[in-house]
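Novice: So I've got this file, input-v6.pdb, and it contains PDB, C-alpha atoms, pLDDT in the B column:
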ATOM      1  CA  MET I 158       9.463  47.146  37.023  1.00 48.00           C
ATOM      2  CA  ASP I 159      10.481  44.470  34.555  1.00 55.00           C
ATOM      3  CA  GLU I 160      10.531  45.386  30.904  1.00 54.00           C
ATOM      4  CA  LYS I 161       8.807  43.139  28.412  1.00 55.00           C
ATOM      5  CA  PRO I 162      11.056  41.647  25.777  1.00 49.00           C
ATOM      6  CA  THR I 163      10.469  43.065  22.317  1.00 48.00           C
ATOM      7  CA  GLN I 164      11.165  39.804  20.540  1.00 52.00           C
ATOM      8  CA  ILE I 165      10.023  36.273  21.119  1.00 50.00           C
ATOM      9  CA  PRO I 166      12.772  34.323  22.904  1.00 49.00           C
ATOM     10  CA  ARG I 167      14.358  31.817  20.555  1.00 52.00           C
ATOM     11  CA  ARG I 168      15.704  29.264  23.002  1.00 54.00           C
ATOM     12  CA  PHE I 169      13.679  27.127  25.371  1.00 51.00           C
ATOM     13  CA  GLY I 170      15.648  28.382  28.385  1.00 54.00           C
ATOM     14  CA  ASP I 171      14.968  32.045  27.524  1.00 55.00           C
ATOM     15  CA  ASP I 172      11.251  31.726  28.244  1.00 54.00           C
ATOM     16  CA  PRO I 173      10.395  32.370  31.902  1.00 59.00           C
ATOM     17  CA  TYR I 174       7.260  30.252  31.458  1.00 63.00           C
ATOM     18  CA  TRP I 175       8.991  26.971  30.590  1.00 69.00           C
ATOM     19  CA  LEU I 176       6.901  24.691  32.819  1.00 72.00           C
ATOM     20  CA  PRO I 177       3.766  24.849  30.602  1.00 72.00           C
ATOM     21  CA  LEU I 178       5.879  23.913  27.583  1.00 77.00           C
ATOM     22  CA  LEU I 179       7.319  20.940  29.434  1.00 82.00           C
ATOM     23  CA  LEU I 180       3.858  19.848  30.600  1.00 82.00           C
ATOM     24  CA  LEU I 181       2.553  20.264  27.055  1.00 84.00           C
ATOM     25  CA  ALA I 182       5.302  18.052  25.612  1.00 88.00           C
ATOM     26  CA  PHE I 183       4.642  15.416  28.282  1.00 92.00           C
ATOM     27  CA  SER I 184       0.885  15.513  27.695  1.00 92.00           C
ATOM     28  CA  ASP I 185       1.390  15.217  23.927  1.00 92.00           C
ATOM     29  CA  ALA I 186       3.574  12.149  24.423  1.00 94.00           C
ATOM     30  CA  LEU I 187       0.906  10.705  26.695  1.00 95.00           C
ATOM     31  CA  VAL I 188      -1.815  11.492  24.128  1.00 95.00           C
ATOM     32  CA  PHE I 189       0.012   9.743  21.274  1.00 95.00           C
ATOM     33  CA  ALA I 190       0.940   6.679  23.323  1.00 95.00           C
ATOM     34  CA  GLY I 191      -2.327   6.571  25.253  1.00 94.00           C
ATOM     35  CA  SER I 192      -4.484   6.777  22.149  1.00 94.00           C
ATOM     36  CA  MET I 193      -2.698   3.745  20.700  1.00 92.00           C
ATOM     37  CA  TRP I 194      -3.108   1.771  23.932  1.00 92.00           C
ATOM     38  CA  LEU I 195      -6.740   2.847  24.318  1.00 92.00           C
ATOM     39  CA  ALA I 196      -7.426   1.920  20.688  1.00 90.00           C
ATOM     40  CA  TYR I 197      -6.086  -1.583  21.372  1.00 88.00           C
ATOM     41  CA  VAL I 198      -8.477  -2.000  24.309  1.00 88.00           C
ATOM     42  CA  VAL I 199     -11.416  -0.546  22.363  1.00 86.00           C
ATOM     43  CA  ARG I 200     -10.739  -2.709  19.313  1.00 81.00           C
ATOM     44  CA  PHE I 201     -10.169  -6.062  20.993  1.00 82.00           C
ATOM     45  CA  TYR I 202     -11.865  -5.896  24.415  1.00 82.00           C
ATOM     46  CA  SER I 203     -15.048  -3.848  23.949  1.00 80.00           C
ATOM     47  CA  PRO I 204     -18.406  -4.205  22.167  1.00 78.00           C
ATOM     48  CA  LEU I 205     -16.690  -2.886  19.019  1.00 70.00           C
ATOM     49  CA  GLU I 206     -14.964  -6.256  18.776  1.00 70.00           C
ATOM     50  CA  GLY I 207     -18.379  -7.839  18.214  1.00 73.00           C
ATOM     51  CA  LEU I 208     -19.068  -5.501  15.289  1.00 72.00           C
ATOM     52  CA  PHE I 209     -15.786  -6.347  13.581  1.00 69.00           C
ATOM     53  CA  PRO I 210     -14.847  -9.833  14.813  1.00 71.00           C
ATOM     54  CA  LEU I 211     -11.484 -11.396  14.147  1.00 69.00           C
ATOM     55  CA  GLN I 212     -11.288 -14.175  11.616  1.00 70.00           C
ATOM     56  CA  ALA I 213     -11.979 -17.627  12.991  1.00 70.00           C
ATOM     57  CA  GLY I 214      -8.921 -19.093  14.660  1.00 69.00           C
ATOM     58  CA  TRP I 215      -7.141 -15.734  15.062  1.00 73.00           C
ATOM     59  CA  ASP I 216      -6.171 -14.364  18.438  1.00 74.00           C
ATOM     60  CA  PRO I 217      -5.799 -10.643  19.180  1.00 74.00           C
ATOM     61  CA  PRO I 218      -2.227  -9.442  18.713  1.00 77.00           C
ATOM     62  CA  SER I 219      -0.006  -9.079  21.740  1.00 81.00           C
ATOM     63  CA  PHE I 220      -0.374  -5.869  23.745  1.00 85.00           C
ATOM     64  CA  SER I 221       3.419  -5.596  23.981  1.00 88.00           C
ATOM     65  CA  LEU I 222       3.556  -4.877  20.247  1.00 86.00           C
ATOM     66  CA  PHE I 223       1.044  -2.044  20.652  1.00 86.00           C
ATOM     67  CA  PHE I 224       2.871  -0.811  23.751  1.00 91.00           C
ATOM     68  CA  LYS I 225       6.104  -0.455  21.771  1.00 90.00           C
ATOM     69  CA  PHE I 226       4.253   1.128  18.866  1.00 88.00           C
ATOM     70  CA  GLY I 227       2.629   3.606  21.271  1.00 91.00           C
ATOM     71  CA  LEU I 228       6.038   4.608  22.624  1.00 93.00           C
ATOM     72  CA  ALA I 229       7.316   5.108  19.070  1.00 92.00           C
ATOM     73  CA  ALA I 230       4.216   7.190  18.301  1.00 93.00           C
ATOM     74  CA  ALA I 231       4.899   9.337  21.381  1.00 95.00           C
ATOM     75  CA  ILE I 232       8.510  10.015  20.383  1.00 95.00           C
ATOM     76  CA  ILE I 233       7.651  10.785  16.764  1.00 95.00           C
ATOM     77  CA  GLY I 234       4.612  12.839  17.806  1.00 94.00           C
ATOM     78  CA  VAL I 235       6.570  15.093  20.147  1.00 93.00           C
ATOM     79  CA  ALA I 236       9.299  15.525  17.506  1.00 93.00           C
ATOM     80  CA  VAL I 237       6.751  16.503  14.832  1.00 94.00           C
ATOM     81  CA  PHE I 238       4.886  18.845  17.183  1.00 90.00           C
ATOM     82  CA  GLU I 239       8.198  20.464  18.115  1.00 89.00           C
ATOM     83  CA  ARG I 240       8.965  21.076  14.441  1.00 90.00           C
ATOM     84  CA  LEU I 241       5.493  22.603  14.027  1.00 88.00           C
ATOM     85  CA  GLY I 242       6.354  25.094  16.772  1.00 83.00           C
ATOM     86  CA  PHE I 243       4.129  23.935  19.615  1.00 81.00           C
ATOM     87  CA  TYR I 244       6.957  24.076  22.157  1.00 77.00           C
ATOM     88  CA  ARG I 245       8.616  27.241  20.849  1.00 72.00           C
ATOM     89  CA  ALA I 246       9.316  29.793  23.527  1.00 59.00           C
ATOM     90  CA  ARG I 247       6.739  32.565  23.585  1.00 57.00           C
ATOM     91  CA  ILE I 248       6.254  35.837  25.361  1.00 51.00           C
ATOM     92  CA  GLY I 249       4.254  35.309  28.533  1.00 51.00           C
ATOM     93  CA  MET I 250       0.651  34.319  27.969  1.00 50.00           C
ATOM     94  CA  ASP I 251       0.752  34.018  24.177  1.00 57.00           C
ATOM     95  CA  ARG I 252      -0.089  30.319  24.039  1.00 64.00           C
ATOM     96  CA  ARG I 253      -2.975  29.518  21.727  1.00 73.00           C
ATOM     97  CA  VAL I 254      -4.554  26.226  20.720  1.00 76.00           C
ATOM     98  CA  HIS I 255      -3.930  25.723  16.995  1.00 82.00           C
ATOM     99  CA  ILE I 256      -6.467  23.076  15.989  1.00 90.00           C
ATOM    100  CA  LEU I 257      -5.519  22.908  12.303  1.00 91.00           C
ATOM    101  CA  ARG I 258      -1.821  22.556  13.157  1.00 90.00           C
ATOM    102  CA  ILE I 259      -2.697  19.782  15.624  1.00 91.00           C
ATOM    103  CA  ILE I 260      -4.677  17.944  12.931  1.00 94.00           C
ATOM    104  CA  PHE I 261      -1.843  18.440  10.434  1.00 95.00           C
ATOM    105  CA  GLY I 262       0.688  17.174  12.987  1.00 93.00           C
ATOM    106  CA  VAL I 263      -1.372  14.073  13.778  1.00 94.00           C
ATOM    107  CA  ILE I 264      -1.697  13.323  10.050  1.00 95.00           C
ATOM    108  CA  VAL I 265       2.070  13.692   9.554  1.00 95.00           C
ATOM    109  CA  VAL I 266       2.789  11.454  12.547  1.00 94.00           C
ATOM    110  CA  ASN I 267       0.420   8.792  11.238  1.00 92.00           C
ATOM    111  CA  LEU I 268       1.994   8.924   7.775  1.00 92.00           C
ATOM    112  CA  ILE I 269       5.444   8.461   9.316  1.00 92.00           C
ATOM    113  CA  LEU I 270       4.167   5.564  11.430  1.00 89.00           C
ATOM    114  CA  GLN I 271       2.520   3.947   8.393  1.00 86.00           C
ATOM    115  CA  ALA I 272       5.781   4.236   6.460  1.00 86.00           C
ATOM    116  CA  PHE I 273       7.606   2.697   9.409  1.00 84.00           C
ATOM    117  CA  LEU I 274       5.130  -0.181   9.508  1.00 82.00           C
ATOM    118  CA  SER I 275       5.422  -0.833   5.779  1.00 78.00           C
ATOM    119  CA  LEU I 276       9.211  -0.992   6.049  1.00 78.00           C
ATOM    120  CA  THR I 277       9.212  -3.413   8.977  1.00 74.00           C
ATOM    121  CA  ALA I 278       6.206  -5.531   7.944  1.00 67.00           C
ATOM    122  CA  THR I 279       4.933  -5.389  11.529  1.00 67.00           C
ATOM    123  CA  PRO I 280       1.440  -6.906  11.758  1.00 67.00           C
ATOM    124  CA  LEU I 281      -0.734  -4.275  13.426  1.00 72.00           C
ATOM    125  CA  SER I 282      -4.500  -4.173  13.104  1.00 72.00           C
ATOM    126  CA  ARG I 283      -5.718  -1.567  10.601  1.00 76.00           C
ATOM    127  CA  GLY I 284      -8.835  -1.055  12.688  1.00 77.00           C
ATOM    128  CA  THR I 285      -6.755  -0.283  15.749  1.00 82.00           C
ATOM    129  CA  ARG I 286      -4.658   2.250  13.861  1.00 85.00           C
ATOM    130  CA  ILE I 287      -7.811   3.960  12.561  1.00 87.00           C
ATOM    131  CA  VAL I 288      -9.337   4.101  16.050  1.00 87.00           C
ATOM    132  CA  ALA I 289      -6.043   5.483  17.423  1.00 90.00           C
ATOM    133  CA  PHE I 290      -5.983   8.173  14.724  1.00 92.00           C
ATOM    134  CA  CYS I 291      -9.567   9.160  15.526  1.00 92.00           C
ATOM    135  CA  LEU I 292      -8.771   9.314  19.259  1.00 93.00           C
ATOM    136  CA  THR I 293      -5.527  11.277  18.928  1.00 95.00           C
ATOM    137  CA  ILE I 294      -6.978  14.451  17.407  1.00 94.00           C
ATOM    138  CA  PRO I 295      -9.646  15.241  20.042  1.00 95.00           C
ATOM    139  CA  LEU I 296      -7.369  14.148  22.897  1.00 94.00           C
ATOM    140  CA  ALA I 297      -4.559  16.424  21.665  1.00 93.00           C
ATOM    141  CA  VAL I 298      -6.910  19.390  21.213  1.00 92.00           C
ATOM    142  CA  LEU I 299      -8.380  18.852  24.692  1.00 93.00           C
ATOM    143  CA  ALA I 300      -4.920  18.502  26.252  1.00 91.00           C
ATOM    144  CA  HIS I 301      -3.730  21.756  24.658  1.00 87.00           C
ATOM    145  CA  TYR I 302      -6.922  23.579  25.643  1.00 89.00           C
ATOM    146  CA  PHE I 303      -6.964  22.401  29.272  1.00 89.00           C
ATOM    147  CA  LEU I 304      -3.257  23.065  29.776  1.00 85.00           C
ATOM    148  CA  LYS I 305      -3.662  26.579  28.361  1.00 82.00           C
ATOM    149  CA  ASN I 306      -6.530  27.254  30.779  1.00 84.00           C
ATOM    150  CA  ALA I 307      -4.607  25.728  33.687  1.00 82.00           C
ATOM    151  CA  HIS I 308      -1.635  27.944  32.855  1.00 77.00           C
ATOM    152  CA  HIS I 309      -3.820  31.072  32.837  1.00 78.00           C
ATOM    153  CA  SER I 310      -5.531  30.188  36.125  1.00 82.00           C
ATOM    154  CA  MET I 311      -2.207  29.412  37.812  1.00 76.00           C
ATOM    155  CA  LEU I 312      -0.828  32.799  36.817  1.00 74.00           C
ATOM    156  CA  ARG I 313      -4.011  34.595  37.953  1.00 79.00           C
ATOM    157  CA  ARG I 314      -3.658  32.970  41.376  1.00 79.00           C
ATOM    158  CA  GLY I 315      -0.046  34.069  41.614  1.00 72.00           C
ATOM    159  CA  TRP I 316       1.529  30.681  41.067  1.00 68.00           C
ATOM    160  CA  GLY I 317       4.291  31.962  38.824  1.00 58.00           C
ATOM    161  CA  TYR I 318       7.212  29.809  37.839  1.00 53.00           C
TER     162      TYR I 318
END
Could I get this file's structure written as C-alpha coordinates?
Specialist:
Amino acid sequence: MDEKPTQIPRRFGDDPYWLPLLLLAFSDALVFAGSMWLAYVVRFYSPLEGLFPLQAGWDPPSFSLFFKFGLAAAIIGVAVFERLGFYRARIGMDRRVHILRIIFGVIVVNLILQAFLSLTATPLSRGTRIVAFCLTIPLAVLAHYFLKNAHHSMLRRGWGY
(Lines of atoms letter the chains of each structure in order from A and count residues from 1; the text may use other names and numbers.)
(Lines give C-alpha, C1' and ligand atoms only; values in the text may rest on other atoms or scores of the structure.)
Protein backbone atom coordinates (compact mmCIF):
# COMPACT_ATOMS: atom_id res chain seq x y z
CA MET A 1 0.00 0.00 0.00
CA ASP A 2 1.35 3.40 -0.95
CA GLU A 3 1.93 5.89 1.82
CA LYS A 4 0.57 9.39 1.46
CA PRO A 5 3.17 12.12 1.49
CA THR A 6 3.09 14.25 4.62
CA GLN A 7 4.03 17.44 2.83
CA ILE A 8 2.80 19.07 -0.33
CA PRO A 9 5.26 18.36 -3.16
CA ARG A 10 7.16 21.50 -4.08
CA ARG A 11 8.14 20.75 -7.66
CA PHE A 12 5.79 20.23 -10.57
CA GLY A 13 7.31 16.82 -11.35
CA ASP A 14 6.77 15.57 -7.77
CA ASP A 15 2.98 15.59 -8.13
CA PRO A 16 1.61 12.32 -9.54
CA TYR A 17 -1.43 14.24 -10.80
CA TRP A 18 0.40 16.57 -13.19
CA LEU A 19 -2.00 16.25 -16.14
CA PRO A 20 -4.78 18.36 -14.53
CA LEU A 21 -2.26 21.11 -13.82
CA LEU A 22 -1.11 21.07 -17.42
CA LEU A 23 -4.70 21.13 -18.69
CA LEU A 24 -5.49 23.97 -16.29
CA ALA A 25 -2.56 26.06 -17.56
CA PHE A 26 -3.61 25.41 -21.16
CA SER A 27 -7.24 26.28 -20.45
CA ASP A 28 -6.20 29.49 -18.66
CA ALA A 29 -4.12 30.53 -21.66
CA LEU A 30 -7.09 29.78 -23.90
CA VAL A 31 -9.41 31.77 -21.61
CA PHE A 32 -7.20 34.88 -21.64
CA ALA A 33 -6.58 34.78 -25.39
CA GLY A 34 -10.09 33.64 -26.27
CA SER A 35 -11.78 36.33 -24.22
CA MET A 36 -9.82 39.00 -26.08
CA TRP A 37 -10.69 37.49 -29.47
CA LEU A 38 -14.34 37.00 -28.49
CA ALA A 39 -14.50 40.58 -27.21
CA TYR A 40 -13.28 41.81 -30.60
CA VAL A 41 -16.07 39.91 -32.37
CA VAL A 42 -18.70 41.05 -29.85
CA ARG A 43 -17.59 44.68 -30.02
CA PHE A 44 -17.28 45.10 -33.78
CA TYR A 45 -19.45 42.39 -35.39
CA SER A 46 -22.53 42.01 -33.17
CA PRO A 47 -25.59 44.07 -32.21
CA LEU A 48 -23.44 45.72 -29.52
CA GLU A 49 -21.71 47.59 -32.33
CA GLY A 50 -25.01 49.34 -33.06
CA LEU A 51 -25.27 50.52 -29.45
CA PHE A 52 -21.78 52.01 -29.48
CA PRO A 53 -21.03 52.83 -33.13
CA LEU A 54 -17.61 53.85 -34.34
CA GLN A 55 -17.07 57.46 -35.27
CA ALA A 56 -17.96 58.33 -38.84
CA GLY A 57 -15.17 57.41 -41.23
CA TRP A 58 -13.46 55.00 -38.80
CA ASP A 59 -12.98 51.35 -39.60
CA PRO A 60 -12.71 48.62 -36.95
CA PRO A 61 -9.10 47.92 -35.99
CA SER A 62 -7.34 44.96 -37.53
CA PHE A 63 -7.98 41.57 -35.94
CA SER A 64 -4.26 40.78 -36.15
CA LEU A 65 -3.59 43.44 -33.51
CA PHE A 66 -6.12 41.82 -31.18
CA PHE A 67 -4.76 38.37 -32.01
CA LYS A 68 -1.27 39.42 -30.89
CA PHE A 69 -2.68 41.15 -27.82
CA GLY A 70 -4.63 37.98 -26.95
CA LEU A 71 -1.44 35.91 -27.14
CA ALA A 72 0.33 38.41 -24.88
CA ALA A 73 -2.62 38.25 -22.47
CA ALA A 74 -2.38 34.44 -22.44
CA ILE A 75 1.34 34.46 -21.62
CA ILE A 76 1.01 37.11 -18.92
CA GLY A 77 -2.14 35.46 -17.54
CA VAL A 78 -0.53 32.05 -17.11
CA ALA A 79 2.55 33.67 -15.52
CA VAL A 80 0.41 35.62 -13.03
CA PHE A 81 -1.76 32.60 -12.22
CA GLU A 82 1.38 30.55 -11.66
CA ARG A 83 2.67 33.14 -9.20
CA LEU A 84 -0.70 33.04 -7.41
CA GLY A 85 -0.24 29.29 -6.93
CA PHE A 86 -2.85 27.86 -9.27
CA TYR A 87 -0.41 25.36 -10.78
CA ARG A 88 1.42 24.48 -7.57
CA ALA A 89 1.74 20.77 -6.98
CA ARG A 90 -0.81 19.49 -4.50
CA ILE A 91 -1.54 16.26 -2.72
CA GLY A 92 -3.97 14.18 -4.74
CA MET A 93 -7.46 15.62 -4.95
CA ASP A 94 -6.82 18.89 -3.13
CA ARG A 95 -7.64 21.17 -6.05
CA ARG A 96 -10.17 23.85 -5.21
CA VAL A 97 -11.59 26.70 -7.26
CA HIS A 98 -10.44 29.97 -5.68
CA ILE A 99 -12.82 32.57 -7.12
CA LEU A 100 -11.35 35.58 -5.31
CA ARG A 101 -7.82 34.64 -6.38
CA ILE A 102 -9.04 34.26 -9.97
CA ILE A 103 -10.62 37.73 -9.85
CA PHE A 104 -7.46 39.17 -8.29
CA GLY A 105 -5.32 37.48 -10.96
CA VAL A 106 -7.48 38.79 -13.80
CA ILE A 107 -7.27 42.32 -12.35
CA VAL A 108 -3.47 42.08 -12.08
CA VAL A 109 -3.20 40.78 -15.64
CA ASN A 110 -5.36 43.61 -16.94
CA LEU A 111 -3.31 46.20 -15.05
CA ILE A 112 -0.11 44.79 -16.57
CA LEU A 113 -1.69 44.81 -20.04
CA GLN A 114 -2.89 48.40 -19.57
CA ALA A 115 0.62 49.45 -18.54
CA PHE A 116 2.00 47.66 -21.59
CA LEU A 117 -0.48 49.47 -23.83
CA SER A 118 0.35 52.87 -22.34
CA LEU A 119 4.06 52.29 -22.94
CA THR A 120 3.63 51.23 -26.56
CA ALA A 121 0.80 53.61 -27.50
CA THR A 122 -0.98 50.73 -29.25
CA PRO A 123 -4.47 51.80 -30.35
CA LEU A 124 -6.85 49.22 -28.91
CA SER A 125 -10.53 49.87 -28.34
CA ARG A 126 -11.37 50.62 -24.69
CA GLY A 127 -14.76 48.99 -25.16
CA THR A 128 -13.13 45.79 -26.37
CA ARG A 129 -10.78 45.69 -23.40
CA ILE A 130 -13.71 46.18 -21.01
CA VAL A 131 -15.72 43.41 -22.69
CA ALA A 132 -12.65 41.12 -22.56
CA PHE A 133 -12.20 41.84 -18.85
CA CYS A 134 -15.86 41.05 -18.17
CA LEU A 135 -15.61 37.80 -20.17
CA THR A 136 -12.34 36.60 -18.62
CA ILE A 137 -13.55 36.26 -15.02
CA PRO A 138 -16.57 33.96 -15.60
CA LEU A 139 -14.73 31.96 -18.27
CA ALA A 140 -11.76 31.37 -15.93
CA VAL A 141 -14.02 30.37 -13.02
CA LEU A 142 -15.97 27.98 -15.26
CA ALA A 143 -12.77 26.49 -16.70
CA HIS A 144 -11.36 25.85 -13.21
CA TYR A 145 -14.65 24.40 -11.98
CA PHE A 146 -15.22 22.07 -14.95
CA LEU A 147 -11.62 20.85 -14.98
CA LYS A 148 -11.81 20.11 -11.25
CA ASN A 149 -14.99 18.08 -11.78
CA ALA A 150 -13.51 16.31 -14.81
CA HIS A 151 -10.44 15.42 -12.75
CA HIS A 152 -12.59 13.95 -9.96
CA SER A 153 -14.76 11.94 -12.37
CA MET A 154 -11.71 10.59 -14.21
CA LEU A 155 -10.20 9.36 -10.96
CA ARG A 156 -13.50 7.80 -9.84
CA ARG A 157 -13.65 5.85 -13.10
CA GLY A 158 -10.11 4.62 -12.61
CA TRP A 159 -8.48 6.77 -15.26
CA GLY A 160 -5.42 7.57 -13.18
CA TYR A 161 -2.39 9.24 -14.67
Novice: Identify all residues satisfying the PyMOL selection byres ((chain I and resi 199-208) around 10) in the given file; provide them as number ranges by chain.
Specialist: I: 193-198, 209-211, 216-218, 282, 284-289
Novice: Of the candidates I:Leu281, I:Val298, I:Ala231, I:Leu178, which shows the shortest atom-to-atom distance to Phe261 in chain I, using all atoms listed in the file?
Specialist: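 Checking each candidate against Phe261 in chain I, we get I:Val298 as the closest.
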Novice: For Thr293 in chain I, find every residue with an atom within 7 Å (counting only C-alpha atoms), except residues of its own chain fewer than 2 positions away, and show them as a CSV table (one decimal) with C-alpha atoms, in the frame of the given file.
Specialist:
chain,number,residue,atom,x,y,z
I,188,VAL,CA,-1.8,11.5,24.1
I,189,PHE,CA,0.0,9.7,21.3
I,192,SER,CA,-4.5,6.8,22.1
I,289,ALA,CA,-6.0,5.5,17.4
I,290,PHE,CA,-6.0,8.2,14.7
I,291,CYS,CA,-9.6,9.2,15.5
I,295,PRO,CA,-9.6,15.2,20.0
I,296,LEU,CA,-7.4,14.1,22.9
I,297,ALA,CA,-4.6,16.4,21.7
Novice: Once the PyMOL selection byres ((chain I and resi 239) around 12) has been applied to the shown file, what residues remain in the selection, as a ChimeraX atom specification?
Specialist: /I:169,178-179,181-183,185-186,232-238,240-246,258-259,262,266
Novice: Run the PyMOL selection byres ((chain I and resi 302) around 12) on the file and write out the hits as a list of chain:residue names.
Specialist: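 Applied to this file, the PyMOL selection byres ((chain I and resi 302) around 12) selects I:Pro177, I:Leu181, I:Ser184, I:Asp185, I:Arg252, I:Arg253, I:Val254, I:His255, I:Ile256, I:Ile259, I:Pro295, I:Leu296, I:Ala297, I:Val298, I:Leu299, I:Ala300, I:His301, I:Phe303, I:Leu304, I:Lys305, I:Asn306, I:Ala307, I:His308, I:His309.
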Novice: Restricting it to C-alpha atoms, dump the selection as a short mmCIF file (atom, residue, chain, number, x, y, z; two decimals), keeping the file's coordinate frame.
Specialist:
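See out.cif below for the written result:
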data_model
loop_
_atom_site.label_atom_id
_atom_site.label_comp_id
_atom_site.auth_asym_id
_atom_site.auth_seq_id
_atom_site.Cartn_x
_atom_site.Cartn_y
_atom_site.Cartn_z
CA PRO I 177 3.77 24.85 30.60
CA LEU I 181 2.55 20.26 27.06
CA SER I 184 0.88 15.51 27.70
CA ASP I 185 1.39 15.22 23.93
CA ARG I 252 -0.09 30.32 24.04
CA ARG I 253 -2.98 29.52 21.73
CA VAL I 254 -4.55 26.23 20.72
CA HIS I 255 -3.93 25.72 17.00
CA ILE I 256 -6.47 23.08 15.99
CA ILE I 259 -2.70 19.78 15.62
CA PRO I 295 -9.65 15.24 20.04
CA LEU I 296 -7.37 14.15 22.90
CA ALA I 297 -4.56 16.42 21.66
CA VAL I 298 -6.91 19.39 21.21
CA LEU I 299 -8.38 18.85 24.69
CA ALA I 300 -4.92 18.50 26.25
CA HIS I 301 -3.73 21.76 24.66
CA PHE I 303 -6.96 22.40 29.27
CA LEU I 304 -3.26 23.06 29.78
CA LYS I 305 -3.66 26.58 28.36
CA ASN I 306 -6.53 27.25 30.78
CA ALA I 307 -4.61 25.73 33.69
CA HIS I 308 -1.64 27.94 32.85
CA HIS I 309 -3.82 31.07 32.84
#
Novice: CA of Ala190 in chain I and CA of Leu228 in chain I are how many Å apart?
Specialist: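 Separation of CA of Ala190 in chain I and CA of Leu228 in chain I: 5.5 Å.
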Novice: Excluding range 270-272 of chain I and its own-chain neighbours fewer than 6 positions away, which residues fall within 9 Å of it when counting all atoms listed in the file? Please give them as a list in words.
Specialist: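 Returned residues: Phe226, Ala229, Ala230 and Ile233 of chain I.
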Novice: Could you please determine the separation between CA of Ile294 in chain I and CA of Val263 in chain I in Å, to one decimal place?
Specialist: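 According to the coordinates, CA of Ile294 in chain I and CA of Val263 in chain I are separated by 6.7 Å.
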Novice: Between CA of Gly227 in chain I and CA of Gly191 in chain I, measure the distance and give it in Å to one decimal.
Specialist: 7.0 Å
Novice: Regenerate range 232-247 of chain I at the level of N, CA and C atoms and dump it as a PDB file, in the coordinates of the input.
Specialist:
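What landed in selection.pdb:
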ATOM      1  N   ILE I 232       7.242   9.367  20.730  1.00 95.00           N
ATOM      2  CA  ILE I 232       8.510  10.015  20.383  1.00 95.00           C
ATOM      3  C   ILE I 232       8.383  10.778  19.068  1.00 95.00           C
ATOM      4  N   ILE I 233       7.811  10.133  18.064  1.00 95.00           N
ATOM      5  CA  ILE I 233       7.651  10.785  16.764  1.00 95.00           C
ATOM      6  C   ILE I 233       6.668  11.950  16.876  1.00 95.00           C
ATOM      7  N   GLY I 234       5.607  11.780  17.648  1.00 94.00           N
ATOM      8  CA  GLY I 234       4.612  12.839  17.806  1.00 94.00           C
ATOM      9  C   GLY I 234       5.181  14.088  18.443  1.00 94.00           C
ATOM     10  N   VAL I 235       5.967  13.928  19.500  1.00 93.00           N
ATOM     11  CA  VAL I 235       6.570  15.093  20.147  1.00 93.00           C
ATOM     12  C   VAL I 235       7.582  15.750  19.209  1.00 93.00           C
ATOM     13  N   ALA I 236       8.335  14.952  18.454  1.00 93.00           N
ATOM     14  CA  ALA I 236       9.299  15.525  17.506  1.00 93.00           C
ATOM     15  C   ALA I 236       8.588  16.321  16.407  1.00 93.00           C
ATOM     16  N   VAL I 237       7.502  15.787  15.879  1.00 94.00           N
ATOM     17  CA  VAL I 237       6.751  16.503  14.832  1.00 94.00           C
ATOM     18  C   VAL I 237       6.101  17.759  15.407  1.00 94.00           C
ATOM     19  N   PHE I 238       5.510  17.665  16.579  1.00 90.00           N
ATOM     20  CA  PHE I 238       4.886  18.845  17.183  1.00 90.00           C
ATOM     21  C   PHE I 238       5.933  19.910  17.502  1.00 90.00           C
ATOM     22  N   GLU I 239       7.133  19.490  17.864  1.00 89.00           N
ATOM     23  CA  GLU I 239       8.198  20.464  18.115  1.00 89.00           C
ATOM     24  C   GLU I 239       8.559  21.190  16.828  1.00 89.00           C
ATOM     25  N   ARG I 240       8.642  20.452  15.730  1.00 90.00           N
ATOM     26  CA  ARG I 240       8.965  21.076  14.441  1.00 90.00           C
ATOM     27  C   ARG I 240       7.843  21.995  13.969  1.00 90.00           C
ATOM     28  N   LEU I 241       6.613  21.730  14.383  1.00 88.00           N
ATOM     29  CA  LEU I 241       5.493  22.603  14.027  1.00 88.00           C
ATOM     30  C   LEU I 241       5.403  23.830  14.932  1.00 88.00           C
ATOM     31  N   GLY I 242       6.269  23.903  15.936  1.00 83.00           N
ATOM     32  CA  GLY I 242       6.354  25.094  16.772  1.00 83.00           C
ATOM     33  C   GLY I 242       5.476  25.103  18.005  1.00 83.00           C
ATOM     34  N   PHE I 243       4.981  23.957  18.429  1.00 81.00           N
ATOM     35  CA  PHE I 243       4.129  23.935  19.615  1.00 81.00           C
ATOM     36  C   PHE I 243       4.905  24.214  20.897  1.00 81.00           C
ATOM     37  N   TYR I 244       6.179  23.899  20.934  1.00 77.00           N
ATOM     38  CA  TYR I 244       6.957  24.076  22.157  1.00 77.00           C
ATOM     39  C   TYR I 244       7.925  25.244  22.043  1.00 77.00           C
ATOM     40  N   ARG I 245       7.748  26.077  21.027  1.00 72.00           N
ATOM     41  CA  ARG I 245       8.616  27.241  20.849  1.00 72.00           C
ATOM     42  C   ARG I 245       8.379  28.208  22.001  1.00 72.00           C
ATOM     43  N   ALA I 246       9.441  28.827  22.442  1.00 59.00           N
ATOM     44  CA  ALA I 246       9.316  29.793  23.527  1.00 59.00           C
ATOM     45  C   ALA I 246       8.481  30.975  23.054  1.00 59.00           C
ATOM     46  N   ARG I 247       7.622  31.455  23.928  1.00 57.00           N
ATOM     47  CA  ARG I 247       6.739  32.565  23.585  1.00 57.00           C
ATOM     48  C   ARG I 247       6.787  33.611  24.685  1.00 57.00           C
TER      49      ARG I 247
END
